[in-house]
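Pasting query_1.cif here (mmCIF, C-alpha atoms and all ligand atoms):
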data_protein
#
loop_
_atom_site.label_atom_id
_atom_site.label_comp_id
_atom_site.auth_asym_id
_atom_site.auth_seq_id
_atom_site.Cartn_x
_atom_site.Cartn_y
_atom_site.Cartn_z
CA MET P 11 -8.65 24.91 -18.51
CA ALA P 12 -8.99 28.48 -17.43
CA GLN P 13 -6.38 29.46 -14.86
CA GLN P 14 -9.11 30.63 -12.50
CA GLU P 15 -10.94 27.31 -12.67
CA GLU P 16 -7.73 25.43 -11.94
CA GLU P 17 -6.96 27.61 -8.94
CA LYS P 18 -10.44 26.91 -7.59
CA GLU P 19 -9.96 23.17 -7.91
CA GLU P 20 -6.52 23.29 -6.36
CA LYS P 21 -8.04 25.10 -3.38
CA ILE P 22 -10.67 22.38 -2.96
CA VAL P 23 -7.97 19.72 -3.08
CA GLN P 24 -5.79 21.49 -0.52
CA GLU P 25 -8.76 22.02 1.81
CA THR P 26 -9.78 18.38 1.47
CA PHE P 27 -6.23 17.29 2.26
CA ARG P 28 -6.20 19.31 5.48
CA TRP P 29 -9.66 18.02 6.44
CA LEU P 30 -8.62 14.42 5.83
CA HIS P 31 -5.45 14.92 7.81
CA ARG P 32 -7.45 16.22 10.77
CA HIS P 33 -9.94 13.34 10.56
CA PRO P 34 -7.94 10.12 10.18
CA GLU P 35 -9.85 6.82 10.27
CA LEU P 36 -8.46 3.30 10.59
CA SER P 37 -8.85 0.47 8.06
CA TYR P 38 -12.48 -0.44 7.31
CA GLU P 39 -13.65 2.45 9.53
CA GLU P 40 -13.25 5.14 6.86
CA VAL P 41 -16.91 6.24 7.06
CA GLU P 42 -16.47 10.02 7.30
CA THR P 43 -13.59 9.91 4.81
CA THR P 44 -15.78 8.11 2.27
CA LYS P 45 -18.61 10.58 2.91
CA ARG P 46 -16.32 13.54 2.30
CA VAL P 47 -14.87 12.04 -0.90
CA ARG P 48 -18.37 11.25 -2.17
CA GLU P 49 -19.52 14.81 -1.45
CA VAL P 50 -16.66 16.41 -3.37
CA LEU P 51 -17.18 14.05 -6.32
CA GLN P 52 -20.92 14.58 -6.42
CA GLU P 53 -20.58 18.37 -6.16
CA HIS P 54 -18.59 18.11 -9.39
CA ASP P 55 -20.95 15.66 -11.13
CA VAL P 56 -18.46 12.80 -11.02
CA ALA P 57 -20.40 9.52 -11.12
CA VAL P 58 -19.98 7.27 -8.07
CA LEU P 59 -20.56 3.64 -9.02
CA ASP P 60 -22.73 1.28 -6.99
CA SER P 61 -20.66 -1.32 -5.18
CA SER P 62 -20.55 -3.71 -2.25
CA LEU P 63 -17.92 -1.57 -0.48
CA LYS P 64 -18.85 -0.54 3.06
CA THR P 65 -16.10 2.08 3.09
CA GLY P 66 -14.22 3.49 0.12
CA LEU P 67 -15.80 3.89 -3.30
CA VAL P 68 -15.21 3.67 -7.03
CA ALA P 69 -16.08 6.63 -9.26
CA GLU P 70 -15.88 7.02 -13.01
CA VAL P 71 -15.11 9.75 -15.51
CA GLY P 72 -15.17 9.43 -19.25
CA THR P 73 -17.17 9.15 -22.40
CA ALA P 74 -20.40 7.21 -22.12
CA ASP P 75 -19.41 5.14 -25.17
CA SER P 76 -18.66 1.92 -23.32
CA SER P 77 -16.57 0.36 -26.10
CA GLY P 78 -13.58 2.62 -25.38
CA PRO P 79 -10.65 1.48 -23.22
CA VAL P 80 -10.80 1.75 -19.44
CA VAL P 81 -7.97 2.47 -17.02
CA ALA P 82 -8.01 2.78 -13.23
CA LEU P 83 -6.32 5.15 -10.81
CA ARG P 84 -6.17 3.97 -7.21
CA ALA P 85 -5.66 5.81 -3.92
CA ASP P 86 -5.77 4.28 -0.44
CA ILE P 87 -7.73 6.22 2.17
CA ASP P 88 -7.00 4.73 5.61
CA ALA P 89 -4.89 6.00 8.53
CA LEU P 90 -2.81 4.36 11.27
CA PRO P 91 -3.10 3.82 15.05
CA VAL P 92 -0.40 6.42 15.79
CA THR P 93 -0.64 9.57 17.93
CA GLU P 94 0.47 12.53 15.85
CA GLU P 95 3.40 14.67 17.03
CA THR P 96 3.91 16.99 14.05
CA GLY P 97 2.46 20.12 15.66
CA LEU P 98 0.88 21.01 12.29
CA PRO P 99 -2.09 23.42 12.42
CA TYR P 100 -4.17 20.70 10.74
CA ALA P 101 -2.84 17.83 12.89
CA SER P 102 -5.10 14.89 13.75
CA LYS P 103 -7.78 15.80 16.23
CA THR P 104 -7.97 12.20 17.48
CA PRO P 105 -5.22 10.79 19.72
CA GLY P 106 -4.14 7.36 18.51
CA ARG P 107 -5.18 8.08 14.92
CA MET P 108 -2.93 9.63 12.32
CA HIS P 109 -2.42 9.81 8.59
CA ALA P 110 1.18 8.74 9.12
CA CYS P 111 1.57 7.13 5.72
CA GLY P 112 0.31 9.94 3.48
CA HIS P 113 -2.92 8.23 2.40
CA ASP P 114 -4.67 11.58 2.94
CA PHE P 115 -2.33 12.94 0.26
CA HIS P 116 -3.13 10.04 -2.09
CA THR P 117 -6.88 10.52 -1.57
CA SER P 118 -6.82 14.25 -2.22
CA ALA P 119 -4.49 13.89 -5.22
CA LEU P 120 -6.93 11.40 -6.76
CA LEU P 121 -9.84 13.74 -6.02
CA GLY P 122 -7.92 16.48 -7.84
CA ALA P 123 -7.34 14.14 -10.78
CA ALA P 124 -11.07 13.37 -10.84
CA LEU P 125 -11.94 17.07 -11.05
CA LEU P 126 -9.33 17.69 -13.75
CA LEU P 127 -10.47 14.71 -15.82
CA LYS P 128 -14.10 15.75 -15.42
CA GLN P 129 -13.25 19.10 -17.04
CA LYS P 130 -12.15 17.35 -20.23
CA GLU P 131 -14.48 14.37 -20.01
CA THR P 132 -15.80 14.67 -23.56
CA GLU P 133 -12.25 14.65 -25.00
CA LEU P 134 -11.18 11.44 -23.23
CA PRO P 135 -10.82 8.43 -25.55
CA GLY P 136 -12.28 6.10 -22.89
CA ARG P 137 -13.12 5.91 -19.23
CA VAL P 138 -11.16 6.30 -16.02
CA LYS P 139 -12.20 4.45 -12.89
CA LEU P 140 -11.18 6.25 -9.71
CA VAL P 141 -10.64 3.81 -6.89
CA PHE P 142 -10.74 5.22 -3.36
CA GLN P 143 -9.64 2.02 -1.64
CA PRO P 144 -10.23 1.24 2.04
CA ALA P 145 -7.89 -0.64 4.36
CA GLU P 146 -4.51 -0.68 2.67
CA GLU P 147 -2.92 -0.98 6.09
CA ALA P 148 -5.09 -3.92 7.19
CA PRO P 149 -3.92 -4.99 4.55
CA GLY P 150 -6.23 -6.34 1.92
CA GLY P 151 -8.66 -3.55 1.03
CA ALA P 152 -7.51 -4.05 -2.55
CA LYS P 153 -9.08 -7.51 -2.48
CA LYS P 154 -12.41 -5.98 -1.44
CA VAL P 155 -12.24 -3.62 -4.40
CA LEU P 156 -11.38 -6.48 -6.78
CA GLU P 157 -14.32 -8.48 -5.38
CA THR P 158 -16.74 -5.74 -6.49
CA GLY P 159 -16.04 -6.74 -10.09
CA LEU P 160 -15.89 -3.06 -11.01
CA LEU P 161 -12.37 -3.43 -12.39
CA GLY P 162 -13.35 -6.25 -14.75
CA ASP P 163 -13.11 -3.99 -17.82
CA VAL P 164 -9.90 -2.22 -16.73
CA ALA P 165 -6.86 -2.59 -19.02
CA ALA P 166 -4.25 -0.94 -16.79
CA VAL P 167 -4.09 0.27 -13.19
CA PHE P 168 -1.96 3.02 -11.66
CA GLY P 169 -1.28 4.15 -8.13
CA LEU P 170 1.14 6.33 -6.24
CA HIS P 171 2.68 6.60 -2.82
CA VAL P 172 4.31 9.55 -1.13
CA SER P 173 8.03 9.24 -0.52
CA PRO P 174 9.76 11.21 2.25
CA LEU P 175 13.07 10.22 0.65
CA LEU P 176 12.43 12.20 -2.55
CA PRO P 177 12.23 16.00 -2.79
CA VAL P 178 9.08 17.80 -3.98
CA GLY P 179 9.00 17.95 -7.76
CA THR P 180 10.38 14.46 -8.29
CA LEU P 181 8.74 11.21 -9.22
CA GLY P 182 10.33 7.82 -8.54
CA ILE P 183 9.57 5.20 -11.18
CA ARG P 184 10.90 1.69 -11.59
CA ALA P 185 10.02 -1.40 -13.64
CA GLY P 186 9.40 -4.65 -11.78
CA ALA P 187 9.05 -4.73 -8.01
CA VAL P 188 9.05 -1.48 -6.08
CA THR P 189 7.66 -2.98 -2.85
CA ALA P 190 8.03 -6.46 -1.37
CA SER P 191 5.88 -9.48 -0.64
CA VAL P 192 4.81 -9.48 3.00
CA ASP P 193 4.31 -12.59 5.09
CA ARG P 194 3.71 -12.79 8.82
CA PHE P 195 4.46 -15.83 10.96
CA GLN P 196 3.67 -16.87 14.50
CA ILE P 197 5.53 -19.89 15.85
CA THR P 198 4.68 -21.41 19.19
CA PHE P 199 7.41 -23.58 20.66
CA ARG P 200 5.58 -26.00 22.90
CA GLY P 201 7.39 -27.86 25.69
CA LYS P 202 6.27 -29.02 29.11
CA GLY P 203 6.18 -26.58 32.00
CA THR P 204 7.98 -27.40 35.19
CA HIS P 205 9.79 -26.03 38.23
CA ALA P 206 12.89 -24.02 37.31
CA ALA P 207 14.88 -26.23 39.67
CA HIS P 208 13.71 -29.43 37.96
CA PRO P 209 14.21 -28.94 34.22
CA ASP P 210 14.58 -32.71 33.90
CA ALA P 211 10.90 -33.05 34.81
CA GLY P 212 9.72 -31.00 31.84
CA ILE P 213 10.71 -29.78 28.39
CA ASP P 214 12.00 -26.23 28.30
CA PRO P 215 10.79 -24.42 25.11
CA ILE P 216 13.11 -21.44 25.69
CA PRO P 217 16.37 -22.99 24.36
CA ALA P 218 14.51 -24.20 21.25
CA ALA P 219 13.07 -20.72 20.61
CA ALA P 220 16.48 -19.13 21.22
CA ALA P 221 18.22 -21.54 18.81
CA PHE P 222 15.55 -20.87 16.21
CA ILE P 223 15.89 -17.08 16.52
CA GLN P 224 19.64 -17.38 15.90
CA ALA P 225 19.28 -19.86 13.05
CA ALA P 226 16.51 -17.92 11.27
CA GLN P 227 19.05 -15.25 10.26
CA THR P 228 21.06 -17.80 8.29
CA ILE P 229 18.23 -18.11 5.75
CA VAL P 230 19.06 -14.74 4.20
CA SER P 231 22.83 -15.07 4.63
CA ARG P 232 23.18 -18.79 3.67
CA ASN P 233 20.17 -19.94 1.63
CA LEU P 234 19.10 -16.92 -0.41
CA ASN P 235 20.89 -15.87 -3.58
CA PRO P 236 23.09 -12.96 -2.39
CA PHE P 237 21.83 -10.87 -5.33
CA ALA P 238 18.16 -11.35 -4.38
CA PRO P 239 16.78 -9.07 -1.66
CA GLY P 240 14.91 -10.69 1.21
CA LEU P 241 14.67 -10.55 4.97
CA VAL P 242 13.49 -12.28 8.10
CA SER P 243 12.63 -9.98 11.01
CA ILE P 244 11.69 -11.42 14.38
CA THR P 245 9.80 -8.72 16.17
CA HIS P 246 7.93 -10.33 19.08
CA VAL P 247 9.05 -12.95 21.56
CA GLU P 248 6.94 -13.95 24.52
CA GLY P 249 7.45 -16.78 26.96
CA GLY P 250 7.14 -17.26 30.67
CA ASN P 251 6.02 -14.75 33.28
CA THR P 252 8.19 -15.29 36.30
CA TRP P 253 11.68 -16.39 37.44
CA ASN P 254 11.18 -19.84 38.87
CA VAL P 255 8.85 -21.53 36.39
CA ILE P 256 9.85 -23.07 33.06
CA PRO P 257 6.95 -22.13 30.78
CA GLU P 258 4.88 -24.41 28.57
CA THR P 259 5.30 -22.26 25.46
CA VAL P 260 7.30 -19.49 23.81
CA LEU P 261 5.77 -17.43 21.03
CA VAL P 262 8.07 -16.12 18.29
CA GLU P 263 6.47 -13.74 15.78
CA GLY P 264 7.85 -11.85 12.82
CA THR P 265 7.73 -11.10 9.14
CA THR P 266 9.48 -12.21 5.96
CA ARG P 267 9.92 -10.04 2.85
CA SER P 268 11.21 -10.53 -0.67
CA LEU P 269 10.91 -9.12 -4.15
CA GLY P 270 10.51 -12.42 -6.03
CA LYS P 271 8.06 -15.33 -5.86
CA GLU P 272 10.83 -17.95 -5.67
CA GLU P 273 12.59 -16.14 -2.84
CA ARG P 274 9.29 -15.81 -1.00
CA GLN P 275 8.75 -19.55 -1.18
CA LEU P 276 12.36 -20.38 -0.27
CA ILE P 277 12.30 -18.19 2.85
CA ARG P 278 9.02 -19.71 3.99
CA GLU P 279 10.12 -23.31 3.47
CA ASN P 280 13.45 -22.81 5.21
CA LEU P 281 11.94 -20.95 8.13
CA CYS P 282 9.31 -23.64 8.73
CA ARG P 283 11.88 -26.42 8.42
CA LEU P 284 14.22 -24.74 10.90
CA ALA P 285 11.41 -24.21 13.40
CA GLU P 286 10.19 -27.80 13.16
CA CYS P 287 13.63 -29.44 13.18
CA ILE P 288 15.02 -27.28 15.97
CA ALA P 289 11.94 -27.90 18.08
CA GLU P 290 12.20 -31.63 17.45
CA GLY P 291 15.90 -31.60 18.30
CA HIS P 292 14.98 -30.13 21.68
CA GLY P 293 12.17 -32.60 22.25
CA SER P 294 9.54 -29.87 21.87
CA GLN P 295 7.15 -28.97 19.05
CA ALA P 296 6.74 -25.97 16.78
CA GLU P 297 3.21 -24.92 15.84
CA ILE P 298 3.35 -22.60 12.85
CA ASP P 299 0.72 -20.11 11.76
CA TRP P 300 1.54 -18.44 8.46
CA TYR P 301 -0.33 -15.38 7.16
CA GLU P 302 0.26 -14.44 3.55
CA GLY P 303 0.11 -10.74 2.84
CA PRO P 304 0.35 -9.04 -0.54
CA PRO P 305 2.90 -10.16 -3.13
CA ALA P 306 5.61 -7.81 -4.40
CA THR P 307 4.44 -5.06 -6.72
CA ASP P 308 5.17 -5.74 -10.36
CA ASN P 309 5.40 -2.70 -12.60
CA THR P 310 4.96 -3.56 -16.28
CA PRO P 311 7.85 -2.11 -18.35
CA GLU P 312 5.52 -0.76 -21.07
CA TRP P 313 3.32 1.04 -18.56
CA VAL P 314 6.37 2.28 -16.66
CA GLU P 315 7.40 3.97 -19.91
CA VAL P 316 3.94 5.57 -20.27
CA ALA P 317 4.18 6.73 -16.63
CA ARG P 318 7.63 8.18 -17.31
CA GLN P 319 6.48 10.05 -20.40
CA ALA P 320 3.42 11.43 -18.60
CA ALA P 321 5.76 12.90 -15.95
CA GLN P 322 7.73 14.70 -18.62
CA LYS P 323 4.60 16.67 -19.57
CA GLN P 324 4.46 18.02 -16.01
CA PRO P 325 7.09 19.99 -14.20
CA LEU P 326 8.25 16.77 -12.52
CA GLU P 327 11.72 15.27 -12.62
CA VAL P 328 11.74 11.50 -13.03
CA VAL P 329 14.24 9.54 -10.97
CA GLU P 330 14.81 5.80 -10.71
CA ALA P 331 12.89 4.65 -7.62
CA SER P 332 14.67 2.38 -5.18
CA ALA P 333 12.82 -0.77 -4.26
CA SER P 334 11.75 -1.18 -0.65
CA LEU P 335 10.99 -4.24 1.44
CA ALA P 336 7.91 -2.49 2.81
CA GLY P 337 4.64 -3.92 1.55
CA GLU P 338 1.84 -2.38 -0.51
CA ASP P 339 -1.46 -4.01 -1.28
CA PHE P 340 -1.58 -2.33 -4.70
CA ALA P 341 0.29 -5.53 -5.63
CA TYR P 342 -3.03 -7.45 -5.50
CA TYR P 343 -4.27 -5.46 -8.51
CA GLN P 344 -1.07 -6.26 -10.34
CA GLU P 345 -1.64 -10.01 -9.95
CA THR P 346 -4.18 -9.72 -12.76
CA LEU P 347 -3.76 -6.24 -14.23
CA PRO P 348 -0.72 -4.59 -15.80
CA GLY P 349 0.17 -1.11 -14.62
CA ALA P 350 2.56 0.92 -12.55
CA PHE P 351 2.96 2.09 -8.97
CA VAL P 352 5.03 5.26 -8.65
CA LEU P 353 6.53 7.29 -5.80
CA VAL P 354 5.89 11.01 -5.41
CA GLY P 355 8.51 13.13 -3.67
CA THR P 356 6.86 14.91 -0.74
CA GLY P 357 9.95 16.40 0.87
CA ARG P 358 12.37 15.07 3.39
CA SER P 359 10.67 14.12 6.62
CA TYR P 360 10.57 11.47 9.31
CA SER P 361 9.77 8.08 7.81
CA ASN P 362 6.26 6.83 7.09
CA HIS P 363 4.46 5.53 10.21
CA ASN P 364 6.52 7.84 12.48
CA PRO P 365 4.45 10.23 14.70
CA LYS P 366 6.38 13.16 13.18
CA PHE P 367 5.88 12.05 9.54
CA GLN P 368 4.56 14.76 7.26
CA VAL P 369 4.21 15.57 3.58
CA ASP P 370 4.78 18.94 1.92
CA PRO P 371 1.39 20.04 0.53
CA ALA P 372 3.26 21.80 -2.30
CA ALA P 373 3.58 18.36 -3.91
CA LEU P 374 -0.18 17.80 -3.90
CA TRP P 375 -1.50 19.69 -6.90
CA PRO P 376 1.35 18.54 -9.20
CA ALA P 377 0.53 14.96 -8.13
CA ALA P 378 -3.15 15.49 -8.99
CA LYS P 379 -2.21 16.89 -12.41
CA TYR P 380 0.18 14.03 -12.96
CA LEU P 381 -2.46 11.39 -12.19
CA ALA P 382 -4.94 13.05 -14.56
CA GLY P 383 -2.29 13.31 -17.27
CA LEU P 384 -1.23 9.70 -16.72
CA ALA P 385 -4.80 8.41 -17.09
CA GLU P 386 -5.22 10.39 -20.28
CA ALA P 387 -1.87 9.17 -21.65
CA ALA P 388 -2.79 5.57 -20.80
CA LEU P 389 -6.12 5.85 -22.62
CA GLN P 390 -4.39 7.35 -25.63
CA HIS P 391 -1.79 4.59 -25.53
CA LEU P 392 -4.50 1.92 -25.52
CA SER P 393 -6.43 3.68 -28.28
CA SER P 394 -3.39 3.97 -30.54
CA HIS P 395 -2.26 0.38 -29.89
CA PHE P 396 -5.58 -1.33 -30.19
CA GLY P 397 -7.62 1.18 -32.18
CA GLY P 398 -9.50 1.91 -28.96
CA LYS P 399 -12.89 0.46 -29.59
CA GLY P 400 -13.31 -3.26 -29.60
CA LYS P 401 -10.01 -3.94 -27.91
CA ALA P 402 -10.91 -2.55 -24.55
CA GLY P 403 -11.69 -4.53 -21.47
CA GLY P 404 -8.87 -6.41 -19.89
CA ALA P 405 -6.60 -5.75 -22.86
CA LYS P 406 -3.06 -6.31 -21.66
CA ILE P 407 0.01 -4.91 -23.28
NI NI D 1 1.07 3.67 2.76
#
Hey, can you dump this file as structure tokens for me?
Amino acid sequence: MAQQEEEKEEKIVQETFRWLHRHPELSYEEVETTKRVREVLQEHDVAVLDSSLKTGLVAEVGTADSSGPVVALRADIDALPVTEETGLPYASKTPGRMHACGHDFHTSALLGAALLLKQKETELPGRVKLVFQPAEEAPGGAKKVLETGLLGDVAAVFGLHVSPLLPVGTLGIRAGAVTASVDRFQITFRGKGTHAAHPDAGIDPIPAAAAFIQAAQTIVSRNLNPFAPGLVSITHVEGGNTWNVIPETVLVEGTTRSLGKEERQLIRENLCRLAECIAEGHGSQAEIDWYEGPPATDNTPEWVEVARQAAQKQPLEVVEASASLAGEDFAYYQETLPGAFVLVGTGRSYSNHNPKFQVDPAALWPAAKYLAGLAEAALQHLSSHFGGKGKAGGAKI
């Protein structure tokens, strides 16, 4: 592509990034964000596909010949309920709303990839679906995208996330899990309220909750294989509202994380058993509400290799990514589709979700070029492995 053309596109991507950063929208409320993305795509003749999505969209670039392979690139577009404190000239204009997880970066990088792929559309050996996904933070926007059926013909899916732990110019890649399964629990210890001076007339739920909170930490230290990462975090405890009343209930809320399916199940079973048995031992009851979030991401080794090689064609240094026990709903795509989720170094900063979190925009255009190059490499990989035509559509390697 002519240098001049590329500079023009980079400018559009940088401007879009700053606009998105100034106009953050929460999960499932990404109306203006979707409008802006649609406008940029349509100005560049990138086809936006019809779908049931209320926010977010799926676009497509590639040869009209529908028998070629199809791959998908995914970016999440939502922001967080955080008040920005970066002092950036393009800081959020809405208090209580901030792109504190870099999804504005992901969205603009994918837009850049769309423009770059559009330039060489006729040379592509297949099609690329560009997924601008709503509500990653909800989480579960990925499920909405999967429900559209638009990814039914996709053979591999790729996504990226900014990493404040990696410097600009680096890409963190890793086979297997790079983020964890996320579960949330709410346990209500139910006793019988009474006067603080007459505990014998009731059932105090506080000692049961306290014993449970202590015991819950033994799951990771005593039940889990010491070589398997996992955690139990209790983050919210609520019971009683004054000094001389023993309350009826105590709420204990938290989250469990792990990188493997077995560990996920083990933590859940042990946590529920402890809650129920401890409550029973105290003569009270434990009512458990369990909310399953996304599973752990699962990067396919073959596609990790393709992702690694694509980085070598860019001025990007590949490093081994460290796994995190944070969650990422990209994992829902990986339940049925092979692919890879990679980390892009965006400079050292406060951590994601912090009011002072920021990304270095210098990492943006290289990320856009990388995504475009990765999609192209993935299509070529599928074409050379399966002869392209006839083997497309859900082909898994
Ligand atoms: Ni995020």
Thr117 (chain P): which residues within 7 Å, counting only C-alpha atoms, same-chain residues fewer than 6 positions away excluded, as an MDAnalysis selection string? chainID P and resid 85:87 142
Residues as selected, C-alpha atoms, written as a compact mmCIF listing (two decimals), in the coordinates of the input, can you do that?
# COMPACT_ATOMS: atom_id res chain seq x y z
CA ALA P 85 -5.66 5.81 -3.92
CA ASP P 86 -5.77 4.28 -0.44
CA ILE P 87 -7.73 6.22 2.17
CA PHE P 142 -10.74 5.22 -3.36
Show me which residues line ligand NI 1 (chain D), defined as having an atom within 8 Å of a ligand atom where only C-alpha atoms and all ligand atoms count, and present them as number ranges by chain. P: 86, 111-113, 146-147, 171-172, 338, 362
Out of P:His391, P:His33, P:His116, P:Arg184, which residue has the shortest atom-to-atom distance to Val316 (chain P) when counting only C-alpha atoms?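 Result for the nearest residue to Val316 (chain P): P:His391.
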Check the smallest atom-to-atom distance from each of P:Leu63, P:Leu389, P:Ala101, P:Ala190 to Gly337 (chain P) using only C-alpha atoms, then report the winner.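 Smallest distance to Gly337 (chain P) is found for P:Ala190.
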Counting only C-alpha atoms, which residues have an atom no more than 7 Å from (-8.1, 12.1, -15.3) in the file's coordinates? Please list them as a PyMOL selection string. chain P and resi 123-124+126-127+138+381-383+385-386
Store the residues picked out above in a file with C-alpha atoms, as a compact mmCIF listing (two decimals), in the coordinates of the input.
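The result, written out as selection23.txt:
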# COMPACT_ATOMS: atom_id res chain seq x y z
CA ALA P 123 -7.34 14.14 -10.78
CA ALA P 124 -11.07 13.37 -10.84
CA LEU P 126 -9.33 17.69 -13.75
CA LEU P 127 -10.47 14.71 -15.82
CA VAL P 138 -11.16 6.30 -16.02
CA LEU P 381 -2.46 11.39 -12.19
CA ALA P 382 -4.94 13.05 -14.56
CA GLY P 383 -2.29 13.31 -17.27
CA ALA P 385 -4.80 8.41 -17.09
CA GLU P 386 -5.22 10.39 -20.28
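Counting only C-alpha atoms, the residue from P:Cys287, P:Arg358, P:Lys128, P:Met108 that sits nearest to Glu95 (chain P) is P:Met108.
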Is it possible to get the residues within 9 Å of (14.0, -20.6, 7.4) (coordinates as in the file, counting only C-alpha atoms) written as a VMD selection string? chain P and resid 222 225 to 230 233 242 276 to 285
What would the file look like if the residues just selected were written as a PDB file, in the coordinates of the input with C-alpha atoms?
ATOM      1  CA  PHE P 222      15.550 -20.870  16.210  1.00  0.00           C
ATOM      2  CA  ALA P 225      19.280 -19.860  13.050  1.00  0.00           C
ATOM      3  CA  ALA P 226      16.510 -17.920  11.270  1.00  0.00           C
ATOM      4  CA  GLN P 227      19.050 -15.250  10.260  1.00  0.00           C
ATOM      5  CA  THR P 228      21.060 -17.800   8.290  1.00  0.00           C
ATOM      6  CA  ILE P 229      18.230 -18.110   5.750  1.00  0.00           C
ATOM      7  CA  VAL P 230      19.060 -14.740   4.200  1.00  0.00           C
ATOM      8  CA  ASN P 233      20.170 -19.940   1.630  1.00  0.00           C
ATOM      9  CA  VAL P 242      13.490 -12.280   8.100  1.00  0.00           C
ATOM     10  CA  LEU P 276      12.360 -20.380  -0.270  1.00  0.00           C
ATOM     11  CA  ILE P 277      12.300 -18.190   2.850  1.00  0.00           C
ATOM     12  CA  ARG P 278       9.020 -19.710   3.990  1.00  0.00           C
ATOM     13  CA  GLU P 279      10.120 -23.310   3.470  1.00  0.00           C
ATOM     14  CA  ASN P 280      13.450 -22.810   5.210  1.00  0.00           C
ATOM     15  CA  LEU P 281      11.940 -20.950   8.130  1.00  0.00           C
ATOM     16  CA  CYS P 282       9.310 -23.640   8.730  1.00  0.00           C
ATOM     17  CA  ARG P 283      11.880 -26.420   8.420  1.00  0.00           C
ATOM     18  CA  LEU P 284      14.220 -24.740  10.900  1.00  0.00           C
ATOM     19  CA  ALA P 285      11.410 -24.210  13.400  1.00  0.00           C
TER      20      ALA P 285
END
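Comparing the minimum interatomic distances between Phe115 (chain P) and each of P:Gly291, P:Gly250, P:Gly355, P:Gly159, counting all atoms listed in the file, we find that P:Gly355 sits nearest.
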